[in-house]
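Dropping structure_30.tsv in here (TSV, C-alpha atoms and all ligand atoms):
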```tsv
chain	number	residue	atom	x	y	z
A	1	MET	CA	0.00	0.00	0.00
A	2	ALA	CA	1.25	3.49	-0.85
A	3	ASP	CA	2.21	5.81	1.98
A	4	LYS	CA	-0.84	8.00	1.40
A	5	LEU	CA	-4.15	6.49	0.34
A	6	ALA	CA	-7.45	8.11	-0.60
A	7	GLY	CA	-10.23	7.34	-3.03
A	8	VAL	CA	-13.75	7.80	-4.28
A	9	ILE	CA	-16.76	5.79	-3.21
A	10	GLY	CA	-20.04	5.48	-5.11
A	11	CYS	CA	-22.45	2.92	-6.53
A	12	PRO	CA	-21.61	2.38	-9.32
A	13	VAL	CA	-18.19	4.05	-9.30
A	14	SER	CA	-16.31	2.60	-12.28
A	15	HIS	CA	-17.29	5.61	-14.47
A	16	SER	CA	-15.67	8.09	-12.08
A	17	LEU	CA	-12.92	10.29	-13.54
A	18	SER	CA	-11.51	11.02	-10.07
A	19	PRO	CA	-8.82	8.26	-10.08
A	20	LYS	CA	-7.52	9.58	-13.43
A	21	LEU	CA	-7.55	13.13	-12.11
A	22	HIS	CA	-5.85	12.49	-8.77
A	23	GLY	CA	-3.48	10.00	-10.44
A	24	PHE	CA	-2.29	12.77	-12.76
A	25	TRP	CA	-1.49	15.05	-9.83
A	26	LEU	CA	0.20	12.29	-7.79
A	27	LYS	CA	2.55	11.66	-10.71
A	28	GLU	CA	2.98	15.37	-11.47
A	29	TYR	CA	4.06	16.16	-7.91
A	30	GLY	CA	6.02	12.91	-7.34
A	31	ILE	CA	3.91	11.92	-4.33
A	32	ASP	CA	4.04	8.37	-2.94
A	33	GLY	CA	0.28	8.09	-2.82
A	34	GLU	CA	-2.60	6.21	-4.35
A	35	TYR	CA	-6.17	7.21	-5.18
A	36	ILE	CA	-8.59	4.37	-5.86
A	37	ALA	CA	-12.26	3.83	-6.68
A	38	LYS	CA	-14.32	1.61	-4.40
A	39	GLU	CA	-17.90	0.56	-4.93
A	40	VAL	CA	-19.88	0.90	-1.71
A	41	ALA	CA	-23.53	-0.18	-1.68
A	42	PRO	CA	-26.03	2.17	0.00
A	43	GLU	CA	-26.55	-0.24	2.91
A	44	ALA	CA	-22.77	-0.35	3.53
A	45	LEU	CA	-22.22	3.43	3.50
A	46	GLY	CA	-22.61	3.96	7.25
A	47	ASP	CA	-20.09	1.24	8.08
A	48	PHE	CA	-17.61	2.53	5.52
A	49	ILE	CA	-17.70	6.05	6.93
A	50	ARG	CA	-17.57	4.84	10.55
A	51	ARG	CA	-14.48	2.72	9.81
A	52	LEU	CA	-12.63	5.34	7.77
A	53	PRO	CA	-10.27	6.36	10.63
A	54	GLU	CA	-8.85	2.82	10.95
A	55	SER	CA	-9.01	1.99	7.20
A	56	GLY	CA	-5.66	3.52	6.25
A	57	TRP	CA	-7.47	6.01	3.97
A	58	ARG	CA	-6.71	9.69	4.56
A	59	GLY	CA	-10.21	10.45	3.37
A	60	CYS	CA	-12.46	10.10	0.36
A	61	ASN	CA	-14.64	11.68	-2.25
A	62	ILE	CA	-18.25	10.66	-2.26
A	63	THR	CA	-20.20	10.42	-5.48
A	64	LEU	CA	-23.69	9.37	-6.52
A	65	PRO	CA	-25.90	8.21	-4.93
A	66	HIS	CA	-24.31	8.77	-1.50
A	67	LYS	CA	-23.80	12.54	-1.14
A	68	GLU	CA	-27.00	13.30	0.81
A	69	ALA	CA	-26.94	10.06	2.82
A	70	ALA	CA	-23.34	10.75	3.87
A	71	LEU	CA	-24.41	14.10	5.30
A	72	GLU	CA	-27.16	12.41	7.30
A	73	ILE	CA	-24.77	9.77	8.66
A	74	LEU	CA	-22.13	12.33	9.60
A	75	ASN	CA	-24.76	14.54	11.27
A	76	SER	CA	-26.30	11.63	13.21
A	77	GLY	CA	-24.08	12.11	16.26
A	78	SER	CA	-22.95	8.47	16.21
A	79	ILE	CA	-19.63	9.34	14.52
A	80	ASN	CA	-16.86	11.68	15.70
A	81	ALA	CA	-17.28	14.12	12.83
A	82	GLU	CA	-17.56	17.78	11.93
A	83	VAL	CA	-19.47	18.90	8.85
A	84	ASP	CA	-18.71	22.41	7.61
A	85	ASN	CA	-21.34	25.04	6.78
A	86	VAL	CA	-20.97	24.65	3.03
A	87	ALA	CA	-22.01	20.98	3.13
A	88	GLN	CA	-24.79	21.74	5.61
A	89	GLU	CA	-26.18	24.51	3.38
A	90	VAL	CA	-25.90	22.49	0.19
A	91	GLY	CA	-27.34	19.40	1.89
A	92	ALA	CA	-24.65	17.04	0.60
A	93	VAL	CA	-21.11	15.89	1.37
A	94	ASN	CA	-18.61	15.04	-1.38
A	95	THR	CA	-15.30	15.15	0.52
A	96	ILE	CA	-14.23	13.64	3.85
A	97	VAL	CA	-10.84	14.14	5.50
A	98	VAL	CA	-9.58	11.94	8.35
A	99	LYS	CA	-7.85	14.28	10.75
A	100	GLU	CA	-4.75	13.27	12.76
A	101	ASN	CA	-6.84	12.67	15.88
A	102	GLY	CA	-9.15	10.34	13.93
A	103	LYS	CA	-12.00	12.83	13.73
A	104	LEU	CA	-13.70	13.14	10.35
A	105	TRP	CA	-14.07	16.53	8.67
A	106	ALA	CA	-16.55	16.80	5.82
A	107	THR	CA	-17.35	19.42	3.22
A	108	ASN	CA	-18.84	19.95	-0.23
A	109	THR	CA	-16.21	21.05	-2.76
A	110	ASP	CA	-18.64	21.31	-5.71
A	111	VAL	CA	-19.24	24.87	-4.51
A	112	TYR	CA	-15.51	25.65	-4.70
A	113	GLY	CA	-15.30	23.86	-8.06
A	114	PHE	CA	-18.13	25.81	-9.65
A	115	THR	CA	-16.92	29.12	-8.20
A	116	GLU	CA	-13.30	28.74	-9.33
A	117	ASN	CA	-14.35	27.62	-12.80
A	118	ILE	CA	-16.23	30.84	-13.53
A	119	ARG	CA	-14.74	33.41	-11.13
A	120	SER	CA	-12.25	35.00	-13.55
A	121	HIS	CA	-14.82	35.11	-16.38
A	122	ILE	CA	-17.50	37.12	-14.55
A	123	THR	CA	-17.76	40.76	-15.57
A	124	LYS	CA	-21.05	41.85	-13.92
A	125	LYS	CA	-22.87	40.41	-10.91
A	126	ASN	CA	-26.36	41.82	-11.01
A	127	LYS	CA	-28.53	39.00	-12.27
A	128	ALA	CA	-27.81	35.27	-12.54
A	129	VAL	CA	-30.19	32.67	-13.98
A	130	VAL	CA	-29.84	29.04	-12.87
A	131	LEU	CA	-31.73	26.21	-14.53
A	132	GLY	CA	-32.13	23.17	-12.30
A	133	ALA	CA	-32.67	22.01	-8.73
A	134	GLY	CA	-30.84	18.69	-8.53
A	135	GLY	CA	-27.87	17.89	-6.31
A	136	ALA	CA	-25.41	19.85	-8.42
A	137	ALA	CA	-27.73	22.85	-8.77
A	138	GLN	CA	-27.79	23.28	-4.99
A	139	ALA	CA	-24.01	23.74	-5.04
A	140	VAL	CA	-24.39	26.25	-7.89
A	141	TRP	CA	-26.98	28.31	-5.97
A	142	TYR	CA	-24.75	28.44	-2.91
A	143	SER	CA	-21.75	29.38	-5.01
A	144	LEU	CA	-23.63	32.31	-6.56
A	145	LEU	CA	-24.50	33.60	-3.08
A	146	GLY	CA	-20.79	33.51	-2.25
A	147	LEU	CA	-19.98	35.35	-5.47
A	148	GLU	CA	-22.47	38.02	-4.32
A	149	PHE	CA	-24.82	38.15	-7.28
A	150	SER	CA	-27.55	40.70	-6.45
A	151	GLU	CA	-30.36	38.59	-7.89
A	152	ILE	CA	-30.40	34.84	-8.41
A	153	ILE	CA	-33.24	33.53	-10.57
A	154	VAL	CA	-33.97	29.82	-10.38
A	155	ALA	CA	-36.21	27.82	-12.73
A	156	ASN	CA	-36.79	24.09	-12.53
A	157	ARG	CA	-39.17	21.71	-14.26
A	158	THR	CA	-40.51	20.49	-10.92
A	159	HIS	CA	-41.57	23.78	-9.38
A	160	ALA	CA	-42.12	22.30	-5.90
A	161	LYS	CA	-38.37	21.66	-5.58
A	162	VAL	CA	-37.54	25.36	-5.86
A	163	SER	CA	-40.61	27.04	-4.39
A	164	LYS	CA	-39.09	26.64	-0.89
A	165	LEU	CA	-36.26	29.00	-1.88
A	166	LYS	CA	-38.59	31.91	-2.54
A	167	GLY	CA	-38.05	35.02	-0.46
A	168	LYS	CA	-34.56	34.11	0.73
A	169	HIS	CA	-31.96	35.26	-1.76
A	170	TYR	CA	-33.67	33.85	-4.79
A	171	THR	CA	-36.43	34.71	-7.25
A	172	ILE	CA	-38.32	31.66	-8.44
A	173	HIS	CA	-39.76	31.26	-11.92
A	174	LEU	CA	-41.63	28.56	-13.73
A	175	TRP	CA	-39.68	26.30	-16.09
A	176	GLU	CA	-41.83	27.68	-18.93
A	177	ASP	CA	-40.31	31.14	-18.24
A	178	ARG	CA	-36.70	30.00	-18.76
A	179	SER	CA	-36.23	32.00	-21.97
A	180	THR	CA	-37.98	35.22	-20.90
A	181	VAL	CA	-36.05	35.53	-17.60
A	182	LEU	CA	-32.82	35.85	-19.59
A	183	LYS	CA	-33.50	39.57	-20.20
A	184	ASP	CA	-30.82	41.66	-18.43
A	185	ALA	CA	-29.01	38.56	-17.10
A	186	ASP	CA	-25.24	38.65	-16.55
A	187	LEU	CA	-24.90	34.89	-16.13
A	188	LEU	CA	-26.77	31.80	-17.32
A	189	VAL	CA	-26.03	28.42	-15.76
A	190	ASN	CA	-27.43	25.12	-16.99
A	191	ALA	CA	-27.39	22.98	-13.85
A	192	THR	CA	-29.83	20.40	-15.20
A	193	SER	CA	-28.77	17.18	-16.91
A	194	LEU	CA	-30.34	18.38	-20.18
A	195	GLY	CA	-27.87	18.44	-23.05
A	196	MET	CA	-25.79	15.62	-21.60
A	197	THR	CA	-24.99	12.74	-23.97
A	198	GLY	CA	-27.97	10.37	-23.88
A	199	LYS	CA	-30.34	12.90	-22.26
A	200	ASP	CA	-32.92	15.24	-23.79
A	201	PRO	CA	-31.64	18.49	-25.32
A	202	LEU	CA	-32.04	21.78	-23.43
A	203	ASP	CA	-34.69	23.72	-25.30
A	204	ILE	CA	-34.11	27.43	-24.64
A	205	ASP	CA	-34.31	30.63	-26.69
A	206	LEU	CA	-31.29	32.86	-26.02
A	207	SER	CA	-32.53	35.88	-27.98
A	208	LEU	CA	-33.21	38.02	-24.85
A	209	LEU	CA	-29.85	37.23	-23.25
A	210	PRO	CA	-27.46	40.22	-23.34
A	211	LYS	CA	-24.30	39.57	-25.38
A	212	HIS	CA	-22.00	40.25	-22.43
A	213	ALA	CA	-23.63	37.52	-20.32
A	214	LEU	CA	-21.44	34.57	-19.37
A	215	VAL	CA	-22.97	31.19	-20.22
A	216	THR	CA	-21.81	28.07	-18.43
A	217	ASP	CA	-22.96	24.47	-18.40
A	218	ILE	CA	-22.16	22.03	-15.63
A	219	VAL	CA	-22.70	19.17	-18.09
A	220	TYR	CA	-19.29	18.22	-19.51
A	221	THR	CA	-20.15	15.29	-21.76
A	222	PRO	CA	-20.11	16.62	-24.41
A	223	LEU	CA	-17.66	19.37	-23.50
A	224	MET	CA	-19.30	21.85	-25.87
A	225	THR	CA	-23.00	21.35	-25.26
A	226	GLU	CA	-25.57	22.73	-27.71
A	227	LEU	CA	-26.21	25.51	-25.18
A	228	LEU	CA	-22.55	26.55	-25.20
A	229	LYS	CA	-22.30	26.24	-28.98
A	230	ASN	CA	-25.39	28.42	-29.51
A	231	ALA	CA	-24.25	31.00	-26.93
A	232	LYS	CA	-20.78	31.19	-28.44
A	233	ALA	CA	-22.19	31.54	-31.97
A	234	ARG	CA	-24.15	34.67	-30.92
A	235	GLY	CA	-21.10	36.19	-29.21
A	236	ASN	CA	-21.55	35.31	-25.53
A	237	PRO	CA	-18.50	34.27	-23.48
A	238	VAL	CA	-18.80	30.59	-22.46
A	239	VAL	CA	-17.18	28.30	-19.89
A	240	ASP	CA	-17.55	24.52	-20.12
A	241	GLY	CA	-18.30	22.24	-17.16
A	242	LEU	CA	-15.05	20.27	-17.06
A	243	GLY	CA	-13.31	22.94	-14.98
A	244	MET	CA	-15.87	22.51	-12.18
A	245	LEU	CA	-14.97	18.82	-11.97
A	246	LEU	CA	-11.24	19.59	-11.92
A	247	TYR	CA	-11.40	22.41	-9.37
A	248	GLN	CA	-13.71	20.50	-6.99
A	249	ALA	CA	-10.89	17.97	-6.57
A	250	VAL	CA	-8.32	20.54	-5.41
A	251	PRO	CA	-9.25	20.86	-1.68
A	252	GLY	CA	-9.40	17.08	-1.16
A	253	PHE	CA	-6.06	16.44	-2.85
A	254	ALA	CA	-4.44	19.22	-0.79
A	255	ALA	CA	-5.78	17.77	2.48
A	256	TRP	CA	-4.90	14.11	1.77
A	257	PHE	CA	-1.61	14.48	-0.05
A	258	GLY	CA	-0.21	17.74	1.38
A	259	GLN	CA	0.14	19.61	-1.90
A	260	THR	CA	-2.26	22.14	-3.39
A	261	PRO	CA	-2.51	21.03	-7.02
A	262	GLU	CA	-2.99	23.26	-10.06
A	263	VAL	CA	-5.68	22.97	-12.69
A	264	THR	CA	-3.73	23.25	-15.93
A	265	ASP	CA	-4.29	22.71	-19.65
A	266	ALA	CA	-2.15	19.57	-19.38
A	267	LEU	CA	-4.59	18.18	-16.80
A	268	ARG	CA	-7.58	19.03	-19.02
A	269	HIS	CA	-5.94	17.25	-21.98
A	270	HIS	CA	-5.12	14.24	-19.82
A	271	ILE	CA	-8.73	13.93	-18.64
A	272	LEU	CA	-10.15	14.37	-22.14
A	273	ARG	CA	-7.83	11.70	-23.58
A	274	GLN	CA	-9.68	8.39	-23.74
A	301	LIG	P1	-30.03	15.39	-10.63
A	301	LIG	O1	-29.94	15.57	-9.15
A	301	LIG	O2	-30.62	14.15	-11.20
A	301	LIG	O3	-30.86	16.67	-11.20
A	301	LIG	C1	-31.22	16.72	-12.56
A	301	LIG	C2	-31.79	18.10	-12.89
A	301	LIG	O4	-32.12	18.12	-14.28
A	301	LIG	C3	-33.08	18.46	-12.14
A	301	LIG	O5	-33.16	19.84	-11.96
A	301	LIG	C4	-34.15	17.98	-13.15
A	301	LIG	O6	-35.39	18.61	-13.00
A	301	LIG	C5	-33.52	18.42	-14.44
A	301	LIG	N1	-34.08	17.67	-15.57
A	301	LIG	C6	-33.84	16.38	-15.91
A	301	LIG	N2	-34.54	16.05	-17.00
A	301	LIG	C7	-35.26	17.15	-17.35
A	301	LIG	C8	-36.19	17.45	-18.39
A	301	LIG	N3	-36.52	16.53	-19.32
A	301	LIG	N4	-36.71	18.70	-18.46
A	301	LIG	C9	-36.38	19.64	-17.54
A	301	LIG	N5	-35.52	19.42	-16.53
A	301	LIG	C10	-34.97	18.19	-16.44
A	301	LIG	O7	-28.60	15.53	-11.30
A	301	LIG	P2	-27.31	16.33	-10.74
A	301	LIG	O8	-26.51	15.44	-9.88
A	301	LIG	O9	-27.76	17.64	-10.22
A	301	LIG	O10	-26.48	16.51	-12.09
A	301	LIG	C11	-26.95	17.34	-13.14
A	301	LIG	C12	-25.91	17.36	-14.26
A	301	LIG	O11	-24.72	17.99	-13.77
A	301	LIG	C13	-25.47	15.97	-14.73
A	301	LIG	O12	-25.34	16.01	-16.13
A	301	LIG	C14	-24.11	15.76	-14.08
A	301	LIG	O13	-23.26	14.94	-14.85
A	301	LIG	C15	-23.58	17.18	-14.05
A	301	LIG	N6	-22.61	17.44	-12.96
A	301	LIG	C16	-21.46	18.06	-13.30
A	301	LIG	C17	-20.53	18.34	-12.32
A	301	LIG	C18	-19.24	18.99	-12.69
A	301	LIG	O14	-18.30	18.91	-11.91
A	301	LIG	N7	-19.17	19.65	-13.83
A	301	LIG	C19	-20.80	18.02	-10.97
A	301	LIG	C20	-22.01	17.40	-10.67
A	301	LIG	C21	-22.92	17.12	-11.68
A	301	LIG	P3	-36.51	17.98	-12.00
A	301	LIG	O15	-36.17	18.48	-10.62
A	301	LIG	O16	-37.79	18.53	-12.53
A	301	LIG	O17	-36.41	16.49	-12.11
```
Show the structure stored in the file as structure tokens.
Ligand code: NAP
Amino acid sequence: MADKLAGVIGCPVSHSLSPKLHGFWLKEYGIDGEYIAKEVAPEALGDFIRRLPESGWRGCNITLPHKEAALEILNSGSINAEVDNVAQEVGAVNTIVVKENGKLWATNTDVYGFTENIRSHITKKNKAVVLGAGGAAQAVWYSLLGLEFSEIIVANRTHAKVSKLKGKHYTIHLWEDRSTVLKDADLLVNATSLGMTGKDPLDIDLSLLPKHALVTDIVYTPLMTELLKNAKARGNPVVDGLGMLLYQAVPGFAAWFGQTPEVTDALRHHILRQ
């Protein structure tokens, strides 16, 4: 076993790009470490998390379908664990670190990943429009609060999932309004799974979207979604979703392997290579 061990758990987990991503950095920085993928069934999740301190792992990433359940387990009081505010607010955990005293520390780095992917591309922060209310969308909403957008508009097909947000920092619209709410927007985020390979296309009319507005998609297969292609063709700046995946891995790698890694073009090319 390598000196430093971490990994990703999910069910299934074989599709995860995280071993390729962390493996690149381990090699890049010459670290004697290993990052593996382990399938953990839902009924075994509690035991896995409880036994992490004596497992030899320095921590783990958590992927579908365990992110919400992991939060519940870590919050249950039966485990010596601390969950940070970001994970509590988002309602999901995707990164756990085993501290030196054996205590678990948990967070949600999708917020960091989304924020860092778009931060340098934002020019105005008045109005953001987010499509979606799934697990990833919750990280996007929280990220936009942190970026201090004045108005965050959310539209989702299942209205009940977003109606609870109303009156806090968000304005809620019906899914049918997704094209009309683009007027005066500075940012459009697709946080649904629409446009992903094998899923339905995202049907949206961009004609009211100002040309300066940044358009980003958290879907990264394909890298250039139809939304990004259409936005780019009419002159909007665009950012693809791969960067979110790469940046969300940074805090975990730094905590487990003692080196803050960089998101570079070489890493992007490595991940995109089959
Ligand atoms: P999820 O929890 O299943 O949520 C799916 C979202 O898409 C919901 O808002 C859902 O609306 C909406 N949706 C699905 N089919 C729809 C349709 N036909 N019409 C309208 N809306 C529809 O999924 P997730 O975990 O949030 O992931 C969403 C996407 O983000 C996936 O493609 C995933 O691969 C990607 N992702 C990327 C990153 C990254 O690092 N770039 C990270 C996480 C996820 P309802 O609520 O009405 O069902």
message: Excluding Val90 (chain A) and its own-chain neighbours fewer than 3 positions away, which residues fall within 7 Å of it when counting all atoms listed in the file? Please give them as a ChimeraX atom specification.
response: /A:86-87,138-139,142
Ser143 (chain A) surroundings by all atoms listed in the file, 7 Å radius, close-in-sequence under 3 positions cut, as a ChimeraX atom specification: /A:111,114-115,139-140,146-147
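For the pair CA of Thr107 (chain A) and atom C19 of ligand LIG 301 (chain A), the separation is 14.7 Å.
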Compile a residue-level contact table for chain A against ligand LIG 301 (chain A) at a cut-off of 6 Å, reporting for every qualifying residue the shortest atom pair and its distance in Å to one decimal, with only C-alpha atoms and all ligand atoms counted, rows ordered by chain and ascending number, as CSV.
```
residue,atom,partner,partner_atom,distance
A:Gly132,CA,A:LIG301,O5,3.5
A:Ala133,CA,A:LIG301,O5,3.9
A:Gly134,CA,A:LIG301,O1,3.3
A:Gly135,CA,A:LIG301,O9,3.9
A:Ala136,CA,A:LIG301,O9,3.7
A:Ala137,CA,A:LIG301,O9,5.4
A:Asn156,CA,A:LIG301,O5,5.6
A:Arg157,CA,A:LIG301,O16,3.9
A:Thr158,CA,A:LIG301,O16,3.7
A:Ala191,CA,A:LIG301,O11,5.7
A:Thr192,CA,A:LIG301,O4,3.4
A:Ser193,CA,A:LIG301,O12,3.7
A:Leu194,CA,A:LIG301,N2,5.8
A:Met196,CA,A:LIG301,O12,5.5
A:Asp200,CA,A:LIG301,N3,5.9
A:Ile218,CA,A:LIG301,N7,4.2
A:Val219,CA,A:LIG301,O12,4.6
A:Tyr220,CA,A:LIG301,N7,5.9
A:Gly241,CA,A:LIG301,N7,4.3
A:Leu242,CA,A:LIG301,N7,5.3
A:Met244,CA,A:LIG301,O14,4.4
A:Leu245,CA,A:LIG301,O14,3.3
```
query: So what do you get for CA of Leu52 (chain A) versus CA of Glu89 (chain A), distance-wise?
result: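 Here the two named atoms are 23.9 Å from each other.
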Non-local contacts of region 255-265 of chain A (12 Å; all atoms listed in the file; under 2 positions in same chain excluded) as a PDB file with C-alpha atoms, in the coordinates of the input:
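Generated output (result_24.pdb):
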```pdb
ATOM      1  CA  ALA A   2       1.250   3.490  -0.850  1.00  0.00           C
ATOM      2  CA  ASP A   3       2.210   5.810   1.980  1.00  0.00           C
ATOM      3  CA  LYS A   4      -0.840   8.000   1.400  1.00  0.00           C
ATOM      4  CA  LEU A   5      -4.150   6.490   0.340  1.00  0.00           C
ATOM      5  CA  ALA A   6      -7.450   8.110  -0.600  1.00  0.00           C
ATOM      6  CA  GLY A   7     -10.230   7.340  -3.030  1.00  0.00           C
ATOM      7  CA  LEU A  21      -7.550  13.130 -12.110  1.00  0.00           C
ATOM      8  CA  HIS A  22      -5.850  12.490  -8.770  1.00  0.00           C
ATOM      9  CA  GLY A  23      -3.480  10.000 -10.440  1.00  0.00           C
ATOM     10  CA  PHE A  24      -2.290  12.770 -12.760  1.00  0.00           C
ATOM     11  CA  TRP A  25      -1.490  15.050  -9.830  1.00  0.00           C
ATOM     12  CA  LEU A  26       0.200  12.290  -7.790  1.00  0.00           C
ATOM     13  CA  LYS A  27       2.550  11.660 -10.710  1.00  0.00           C
ATOM     14  CA  GLU A  28       2.980  15.370 -11.470  1.00  0.00           C
ATOM     15  CA  TYR A  29       4.060  16.160  -7.910  1.00  0.00           C
ATOM     16  CA  GLY A  30       6.020  12.910  -7.340  1.00  0.00           C
ATOM     17  CA  ILE A  31       3.910  11.920  -4.330  1.00  0.00           C
ATOM     18  CA  ASP A  32       4.040   8.370  -2.940  1.00  0.00           C
ATOM     19  CA  GLY A  33       0.280   8.090  -2.820  1.00  0.00           C
ATOM     20  CA  GLU A  34      -2.600   6.210  -4.350  1.00  0.00           C
ATOM     21  CA  TYR A  35      -6.170   7.210  -5.180  1.00  0.00           C
ATOM     22  CA  GLY A  56      -5.660   3.520   6.250  1.00  0.00           C
ATOM     23  CA  TRP A  57      -7.470   6.010   3.970  1.00  0.00           C
ATOM     24  CA  ARG A  58      -6.710   9.690   4.560  1.00  0.00           C
ATOM     25  CA  GLY A  59     -10.210  10.450   3.370  1.00  0.00           C
ATOM     26  CA  CYS A  60     -12.460  10.100   0.360  1.00  0.00           C
ATOM     27  CA  ASN A  61     -14.640  11.680  -2.250  1.00  0.00           C
ATOM     28  CA  THR A  95     -15.300  15.150   0.520  1.00  0.00           C
ATOM     29  CA  ILE A  96     -14.230  13.640   3.850  1.00  0.00           C
ATOM     30  CA  VAL A  97     -10.840  14.140   5.500  1.00  0.00           C
ATOM     31  CA  VAL A  98      -9.580  11.940   8.350  1.00  0.00           C
ATOM     32  CA  LYS A  99      -7.850  14.280  10.750  1.00  0.00           C
ATOM     33  CA  GLU A 100      -4.750  13.270  12.760  1.00  0.00           C
ATOM     34  CA  TRP A 105     -14.070  16.530   8.670  1.00  0.00           C
ATOM     35  CA  ALA A 106     -16.550  16.800   5.820  1.00  0.00           C
ATOM     36  CA  THR A 107     -17.350  19.420   3.220  1.00  0.00           C
ATOM     37  CA  GLY A 113     -15.300  23.860  -8.060  1.00  0.00           C
ATOM     38  CA  GLU A 116     -13.300  28.740  -9.330  1.00  0.00           C
ATOM     39  CA  ASN A 117     -14.350  27.620 -12.800  1.00  0.00           C
ATOM     40  CA  LEU A 242     -15.050  20.270 -17.060  1.00  0.00           C
ATOM     41  CA  GLY A 243     -13.310  22.940 -14.980  1.00  0.00           C
ATOM     42  CA  MET A 244     -15.870  22.510 -12.180  1.00  0.00           C
ATOM     43  CA  LEU A 245     -14.970  18.820 -11.970  1.00  0.00           C
ATOM     44  CA  LEU A 246     -11.240  19.590 -11.920  1.00  0.00           C
ATOM     45  CA  TYR A 247     -11.400  22.410  -9.370  1.00  0.00           C
ATOM     46  CA  GLN A 248     -13.710  20.500  -6.990  1.00  0.00           C
ATOM     47  CA  ALA A 249     -10.890  17.970  -6.570  1.00  0.00           C
ATOM     48  CA  VAL A 250      -8.320  20.540  -5.410  1.00  0.00           C
ATOM     49  CA  PRO A 251      -9.250  20.860  -1.680  1.00  0.00           C
ATOM     50  CA  GLY A 252      -9.400  17.080  -1.160  1.00  0.00           C
ATOM     51  CA  PHE A 253      -6.060  16.440  -2.850  1.00  0.00           C
ATOM     52  CA  LEU A 267      -4.590  18.180 -16.800  1.00  0.00           C
ATOM     53  CA  ARG A 268      -7.580  19.030 -19.020  1.00  0.00           C
ATOM     54  CA  HIS A 269      -5.940  17.250 -21.980  1.00  0.00           C
ATOM     55  CA  HIS A 270      -5.120  14.240 -19.820  1.00  0.00           C
ATOM     56  CA  ILE A 271      -8.730  13.930 -18.640  1.00  0.00           C
ATOM     57  CA  LEU A 272     -10.150  14.370 -22.140  1.00  0.00           C
TER      58      LEU A 272
END
```
query: Hey, which of A:Asp84, A:Asp186, A:Glu43, A:Asp240 ends up closest to Leu144 (chain A)? Count only C-alpha atoms.
result: A:Asp186
message: Please return as a ChimeraX atom specification every residue within 8 Å of (-16.1, 14.9, 12.3), taking into account all atoms listed in the file and the file's own coordinates.
response: /A:74,79-83,103-106
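Residues with any atom within 8 Å of region 44-47 of chain A, counting only C-alpha atoms and excluding same-chain neighbours fewer than 4 positions away, are Val40, Arg51, His66, Ala70 and Ile73 of chain A.
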Those same residues - C-alpha atoms - I'd like them written as a CSV table (one decimal), in the coordinates of the input.
```csv
chain,number,residue,atom,x,y,z
A,40,VAL,CA,-19.9,0.9,-1.7
A,51,ARG,CA,-14.5,2.7,9.8
A,66,HIS,CA,-24.3,8.8,-1.5
A,70,ALA,CA,-23.3,10.8,3.9
A,73,ILE,CA,-24.8,9.8,8.7
```
